[in-house]
>>> print(open('run.cif').read())   # mmCIF, C-alpha atoms
data_my_file
#
loop_
_atom_site.label_atom_id
_atom_site.label_comp_id
_atom_site.auth_asym_id
_atom_site.auth_seq_id
_atom_site.Cartn_x
_atom_site.Cartn_y
_atom_site.Cartn_z
CA MET A 1 -12.46 12.04 1.94
CA ILE A 2 -10.24 9.22 0.73
CA ARG A 3 -7.83 9.96 -2.12
CA VAL A 4 -4.99 8.07 -3.77
CA GLN A 5 -3.27 10.48 -6.12
CA ALA A 6 -0.11 11.37 -8.02
CA GLU A 7 -0.46 15.10 -7.39
CA PRO A 8 1.36 16.73 -4.45
CA PHE A 9 -0.83 17.95 -1.60
CA ASP A 10 -0.56 20.51 1.18
CA PRO A 11 -1.16 18.87 4.60
CA ALA A 12 -2.11 22.20 6.18
CA ALA A 13 -4.76 22.83 3.52
CA GLU A 14 -6.07 19.26 3.90
CA LEU A 15 -6.37 19.72 7.67
CA ALA A 16 -8.10 23.09 7.29
CA ARG A 17 -10.64 21.60 4.87
CA PHE A 18 -11.20 18.59 7.10
CA ALA A 19 -11.71 20.75 10.22
CA ALA A 20 -14.11 23.06 8.39
CA ALA A 21 -16.33 20.07 7.52
CA CYS A 22 -16.92 19.30 11.21
CA PRO A 23 -17.17 22.57 13.13
CA THR A 24 -18.81 20.85 16.12
CA CYS A 25 -16.21 18.07 16.57
CA GLY A 26 -14.42 18.30 19.89
CA ALA A 27 -11.23 16.62 18.69
CA ILE A 28 -9.32 16.44 15.44
CA VAL A 29 -6.07 14.49 15.13
CA SER A 30 -3.94 14.42 11.99
CA PHE A 31 -0.75 12.70 10.91
CA THR A 32 1.49 13.58 7.97
CA GLY A 33 4.14 11.14 6.71
CA ILE A 34 7.14 12.76 5.01
CA VAL A 35 9.97 11.33 2.90
CA ARG A 36 13.06 10.98 5.08
CA GLN A 37 16.46 12.37 4.16
CA PHE A 38 18.35 9.24 5.21
CA GLY A 39 17.58 5.54 4.93
CA ASP A 40 19.86 3.11 6.81
CA GLY A 41 22.52 5.82 7.00
CA ASP A 42 22.53 6.43 3.27
CA GLN A 43 21.47 9.73 1.75
CA ILE A 44 18.15 9.36 -0.10
CA ASN A 45 17.93 11.21 -3.38
CA ARG A 46 14.53 10.01 -4.47
CA LEU A 47 11.71 7.77 -3.33
CA GLU A 48 9.53 5.88 -5.78
CA LEU A 49 6.14 4.77 -4.56
CA GLN A 50 4.21 2.45 -6.84
CA HIS A 51 0.54 1.57 -6.50
CA TYR A 52 -1.76 -0.80 -8.39
CA SER A 53 -4.57 1.28 -9.81
CA GLY A 54 -7.99 -0.26 -9.24
CA PHE A 55 -6.74 -2.35 -6.34
CA THR A 56 -4.95 0.13 -4.08
CA GLU A 57 -7.87 2.59 -3.89
CA PRO A 58 -10.55 0.13 -2.71
CA THR A 59 -8.10 -1.34 -0.20
CA VAL A 60 -7.48 2.11 1.33
CA VAL A 61 -11.23 2.80 1.38
CA GLY A 62 -11.71 -0.51 3.20
CA LEU A 63 -9.19 0.51 5.87
CA ALA A 64 -11.04 3.79 6.41
CA GLU A 65 -14.32 1.89 6.77
CA ALA A 66 -12.72 -0.42 9.34
CA ALA A 67 -11.60 2.61 11.36
CA ARG A 68 -15.10 4.10 11.20
CA ALA A 69 -16.60 0.82 12.42
CA ARG A 70 -14.12 0.42 15.25
CA PHE A 71 -13.75 3.88 16.77
CA ALA A 72 -16.24 6.52 17.85
CA ILE A 73 -15.23 8.94 15.12
CA SER A 74 -17.46 11.17 13.08
CA ASP A 75 -15.18 11.53 10.07
CA VAL A 76 -11.92 10.26 8.62
CA ALA A 77 -9.61 11.45 5.85
CA ILE A 78 -6.79 9.67 4.03
CA VAL A 79 -4.70 11.21 1.26
CA HIS A 80 -1.98 8.90 -0.08
CA ARG A 81 0.34 9.85 -2.91
CA PHE A 82 2.17 7.65 -5.37
CA GLY A 83 4.91 8.48 -7.87
CA ASP A 84 8.34 10.03 -7.41
CA PHE A 85 9.25 12.00 -4.29
CA ALA A 86 12.14 14.11 -3.05
CA PRO A 87 13.09 14.12 0.67
CA GLY A 88 10.81 16.43 2.65
CA GLU A 89 7.73 15.83 0.50
CA PRO A 90 4.52 14.63 2.19
CA ILE A 91 3.49 11.08 1.23
CA VAL A 92 0.45 10.43 3.40
CA PHE A 93 -2.07 12.44 5.39
CA VAL A 94 -4.50 10.83 7.83
CA ALA A 95 -7.02 12.67 9.99
CA ALA A 96 -9.87 11.70 12.27
CA ALA A 97 -12.55 13.80 13.90
CA ALA A 98 -14.38 12.77 17.04
CA GLU A 99 -16.31 14.05 19.99
CA HIS A 100 -13.40 13.23 22.33
CA ARG A 101 -9.66 13.01 21.72
CA ARG A 102 -8.97 9.32 22.51
CA ALA A 103 -11.03 7.94 19.64
CA ALA A 104 -9.40 10.39 17.22
CA PHE A 105 -5.85 9.56 18.37
CA ASP A 106 -6.55 5.83 18.25
CA ALA A 107 -8.17 5.94 14.82
CA VAL A 108 -5.20 7.75 13.26
CA ASP A 109 -2.70 5.46 14.99
CA TYR A 110 -4.66 2.39 13.85
CA LEU A 111 -4.93 3.64 10.28
CA MET A 112 -1.22 4.36 10.00
CA ASP A 113 -0.34 0.91 11.37
CA ARG A 114 -2.64 -0.73 8.84
CA LEU A 115 -1.51 1.50 5.95
CA LYS A 116 2.14 0.63 6.69
CA THR A 117 1.53 -3.10 6.62
CA GLU A 118 -1.50 -3.59 4.35
CA ALA A 119 -1.95 -0.75 1.88
CA PRO A 120 -0.82 -1.92 -1.57
CA PHE A 121 2.08 0.42 -2.22
CA TRP A 122 5.64 -0.55 -3.10
CA LYS A 123 8.45 1.71 -2.04
CA ARG A 124 11.93 2.02 -3.54
CA GLU A 125 14.60 4.30 -2.12
CA VAL A 126 17.16 5.59 -4.56
CA GLY A 127 20.22 6.61 -2.54
CA GLU A 128 23.77 7.78 -3.11
CA ARG A 129 25.15 4.25 -3.13
CA ASP A 130 22.31 2.12 -4.46
CA ALA A 131 18.55 1.66 -4.80
CA ARG A 132 16.57 -0.71 -2.62
CA TRP A 133 12.99 -1.87 -2.20
CA ILE A 134 11.57 -1.14 1.22
CA GLU A 135 9.14 -3.50 2.93
CA ALA A 136 7.23 -3.07 6.16
CA ARG A 137 9.68 -3.69 9.02
CA PRO A 138 9.16 -6.11 11.92
CA THR A 139 8.36 -3.10 14.13
CA ASP A 140 5.59 -2.12 11.68
CA HIS A 141 4.06 -5.59 11.98
CA ALA A 142 4.42 -5.46 15.77
CA ASP A 143 2.62 -2.10 15.75
CA ARG A 144 -0.13 -3.56 13.57
CA SER A 145 -0.55 -6.58 15.88
CA ARG A 146 -1.30 -4.31 18.86
CA TRP A 147 -4.78 -3.85 17.39
CA GLU A 148 -5.47 -7.58 17.00
CA ARG A 149 -5.63 -8.33 20.71
CA THR A 150 -8.70 -6.20 21.14
CA GLU A 151 -10.35 -6.93 17.78
CA MET B 1 -4.58 -13.95 -24.01
CA ILE B 2 -4.21 -12.79 -20.41
CA ARG B 3 -2.23 -9.97 -18.83
CA VAL B 4 0.20 -10.62 -15.99
CA VAL B 5 1.35 -7.68 -13.82
CA PHE B 6 4.46 -7.82 -11.63
CA LEU B 7 4.49 -5.21 -8.87
CA GLY B 8 7.40 -3.73 -6.95
CA ARG B 9 10.62 -5.71 -6.99
CA LEU B 10 8.91 -8.56 -8.87
CA ALA B 11 9.05 -6.46 -12.06
CA GLU B 12 12.85 -6.63 -11.85
CA ALA B 13 12.76 -10.35 -11.15
CA ALA B 14 10.40 -11.02 -14.07
CA GLY B 15 12.18 -8.61 -16.41
CA ALA B 16 9.10 -6.47 -17.16
CA PRO B 17 6.32 -4.71 -15.23
CA GLN B 18 3.70 -6.62 -17.20
CA ILE B 19 3.38 -9.19 -19.97
CA ASP B 20 0.54 -10.31 -22.21
CA MET B 21 0.62 -14.04 -22.77
CA THR B 22 -1.32 -16.93 -24.20
CA LEU B 23 -1.95 -19.60 -21.60
CA PRO B 24 0.31 -22.59 -22.19
CA ASP B 25 -1.32 -26.00 -22.65
CA GLY B 26 -2.45 -27.39 -19.32
CA VAL B 27 -2.35 -24.04 -17.52
CA THR B 28 -5.98 -23.25 -16.80
CA ASP B 29 -6.00 -21.69 -13.33
CA THR B 30 -4.05 -19.16 -11.28
CA GLY B 31 -2.24 -21.81 -9.25
CA ALA B 32 -0.93 -23.52 -12.36
CA LEU B 33 0.03 -20.14 -13.83
CA ARG B 34 2.07 -19.36 -10.73
CA ASP B 35 3.85 -22.71 -10.94
CA TRP B 36 4.53 -22.21 -14.62
CA LEU B 37 5.90 -18.65 -14.27
CA SER B 38 7.92 -19.62 -11.18
CA ARG B 39 10.02 -21.97 -13.30
CA THR B 40 11.69 -18.95 -14.91
CA THR B 41 11.04 -16.46 -12.08
CA PRO B 42 11.39 -18.34 -8.76
CA ALA B 43 10.69 -15.15 -6.76
CA LEU B 44 7.00 -15.49 -7.71
CA ASN B 45 6.72 -18.64 -5.61
CA ALA B 46 7.72 -17.02 -2.31
CA PRO B 47 5.02 -17.52 0.37
CA SER B 48 4.94 -13.74 0.98
CA VAL B 49 3.90 -13.07 -2.63
CA ARG B 50 0.14 -12.68 -3.04
CA MET B 51 -1.92 -12.75 -6.21
CA THR B 52 -4.91 -10.85 -7.51
CA LEU B 53 -7.29 -11.81 -10.31
CA ASN B 54 -8.94 -8.84 -12.00
CA ARG B 55 -7.83 -6.69 -9.05
CA ALA B 56 -9.37 -8.85 -6.34
CA LEU B 57 -7.16 -10.69 -3.86
CA LEU B 58 -7.01 -14.45 -4.40
CA ARG B 59 -7.27 -16.92 -1.56
CA ASP B 60 -7.61 -20.05 -3.65
CA SER B 61 -6.74 -20.94 -7.20
CA CYS B 62 -9.27 -19.66 -9.75
CA LYS B 63 -10.01 -20.64 -13.35
CA LEU B 64 -8.53 -18.28 -15.94
CA ALA B 65 -10.32 -16.88 -18.97
CA ALA B 66 -9.24 -14.74 -21.91
CA GLY B 67 -8.94 -11.08 -20.96
CA ASP B 68 -8.15 -11.77 -17.30
CA GLU B 69 -5.54 -9.74 -15.47
CA VAL B 70 -3.44 -11.54 -12.89
CA ALA B 71 -1.02 -9.64 -10.64
CA PHE B 72 1.80 -10.78 -8.36
CA LEU B 73 2.18 -8.62 -5.24
CA PRO B 74 5.29 -8.68 -3.05
CA PRO B 75 5.02 -7.49 0.58
CA VAL B 76 3.72 -3.92 0.73
CA SER B 77 4.90 -0.76 2.44
CA GLY B 78 2.46 2.10 2.49
CA GLY B 79 2.50 5.22 4.63
#
>>> encode(input="run.cif", output="structure tokens")
Amino acid sequence: MIRVQAEPFDPAAELARFAAACPTCGAIVSFTGIVRQFGDGDQINRLELQHYSGFTEPTVVGLAEAARARFAISDVAIVHRFGDFAPGEPIVFVAAAAEHRRAAFDAVDYLMDRLKTEAPFWKREVGERDARWIEARPTDHADRSRWERTE
Amino acid sequence: MIRVVFLGRLAEAAGAPQIDMTLPDGVTDTGALRDWLSRTTPALNAPSVRMTLNRALLRDSCKLAAGDEVAFLPPVSGG
């Protein structure tokens, strides 16, 4: 289940649906990314997340396929929103199901590192003082590079 | 006529999220288009800016034809 959508989603409902699809999986790991209240000390009023329709979706599907090929997982889910967000709203949901926990943890960690640095979304924080475009930080790229050594 | 899409902060740099344009004389491929647009919008020439042609990532310059859609992509931040 890979979705790129404007509509809000409920992470708990996504997880319940995902778990129900694999009743025999021994391990399910999920991650939910949420809009922060503060960015660089400034209050965030709104977050705008832009995507490029027709390009973003296949890129996200490709990342999910890479995770499937790399880890011993039986299923993977990614829900990524675009549009306007208020602090506290979920942006991204990633889940992996596996026979054992390590593969599920690793797959979700890997997918988040690649989504942060490679998924075609563009993020703009509108704060109290100003608005600024956010790019993947050096720590995000360092996180992503952890997976290259063993690729 | 081709369509050019500017994503993220590049829309501010270019002054519009997208433009439809007729290819100027001598501009026949994506590399030349980038050079030509960079004259008025230097941000498009940054090494971190990638391009797509008809929503596929470009590695090398490609010939342009009427109806093509070219996009300029600044560094991303998903998740």
>>> interface_residues(input="run.cif", of="chain A", to="chain B", cutoff="8 Å", atoms="all atoms listed in the file", output="list in words")
Gly33, Gln50, Tyr52, Gly54, Phe55, His80, Ile91, Val92, Met112, Leu115, Lys116, Thr117, Glu118, Ala119, Pro120, Phe121, Trp122, Lys123, Trp133, Ile134, Glu135 and Ala136 of chain A
>>> atom_distance(input="run.cif", atom1="atom CA of B:Asp29", atom2="atom CA of B:Cys62")
5.3 Å
>>> atom_distance(input="run.cif", atom1="atom CA of A:Phe18", atom2="atom CA of A:Val94")
10.3 Å
>>> closest_residue(input="run.cif", among="A:Trp147, A:Arg132, A:Ile78, A:Ala27", to="A:Asp42", atoms="only C-alpha atoms")
A:Arg132
>>> closest_residue(input="run.cif", among="B:Arg34, B:Ala66, B:Glu12, B:Ile19", to="B:Val49", atoms="only C-alpha atoms")
B:Arg34
>>> residues_around(input="run.cif", residues="stretch 58-68 of chain A", least_positions_apart="3", cutoff="7 Å", atoms="all atoms listed in the file", output="list in words")
Ile2, Phe55, Phe71, Ile73, Val76, Ala107, Leu111 and Ala119 of chain A
>>> atom_distance(input="run.cif", atom1="atom CA of B:Val4", atom2="atom CA of B:Pro47")
18.4 Å
>>> resolve_selection(input="run.cif", expression="the PyMOL selection byres ((chain A and resi 83) around 9)", output="ChimeraX atom specification")
/A:5-7,47-51,81-82,84-85
>>> axis_aligned_box(input="run.cif", around="stretch 67-72 of chain B", padding_each_side="3 Å", output="lines of an AutoDock Vina configuration file")
center_x = -3.6
center_y = -10.7
center_z = -14.7
size_x = 16.7
size_y = 8.1
size_z = 18.6
>>> residues_around(input="run.cif", residues="A:Gln37", least_positions_apart="3", cutoff="8 Å", atoms="all atoms listed in the file", output="list in words")
Gln43, Ile44, Asn45, Pro87 and Gly88 of chain A
>>> residues_around(input="run.cif", residues="A:Thr32", least_positions_apart="2", cutoff="7 Å", atoms="all atoms listed in the file", output="ChimeraX atom specification")
/A:11,30,34,90,92-94
>>> residues_around(input="run.cif", residues="B:Gly67", least_positions_apart="6", cutoff="12 Å", atoms="only C-alpha atoms", output="PyMOL selection string")
chain B and resi 1-4+20-23+53-54
>>> residues_around(input="run.cif", residues="B:Val27", least_positions_apart="4", cutoff="9 Å", atoms="only C-alpha atoms", output="ChimeraX atom specification")
/B:23,31-33,36,64
>>> closest_residue(input="run.cif", among="A:Ala96, A:Met1, A:Ala142, A:Val126", to="A:Phe38", atoms="only C-alpha atoms")
A:Val126
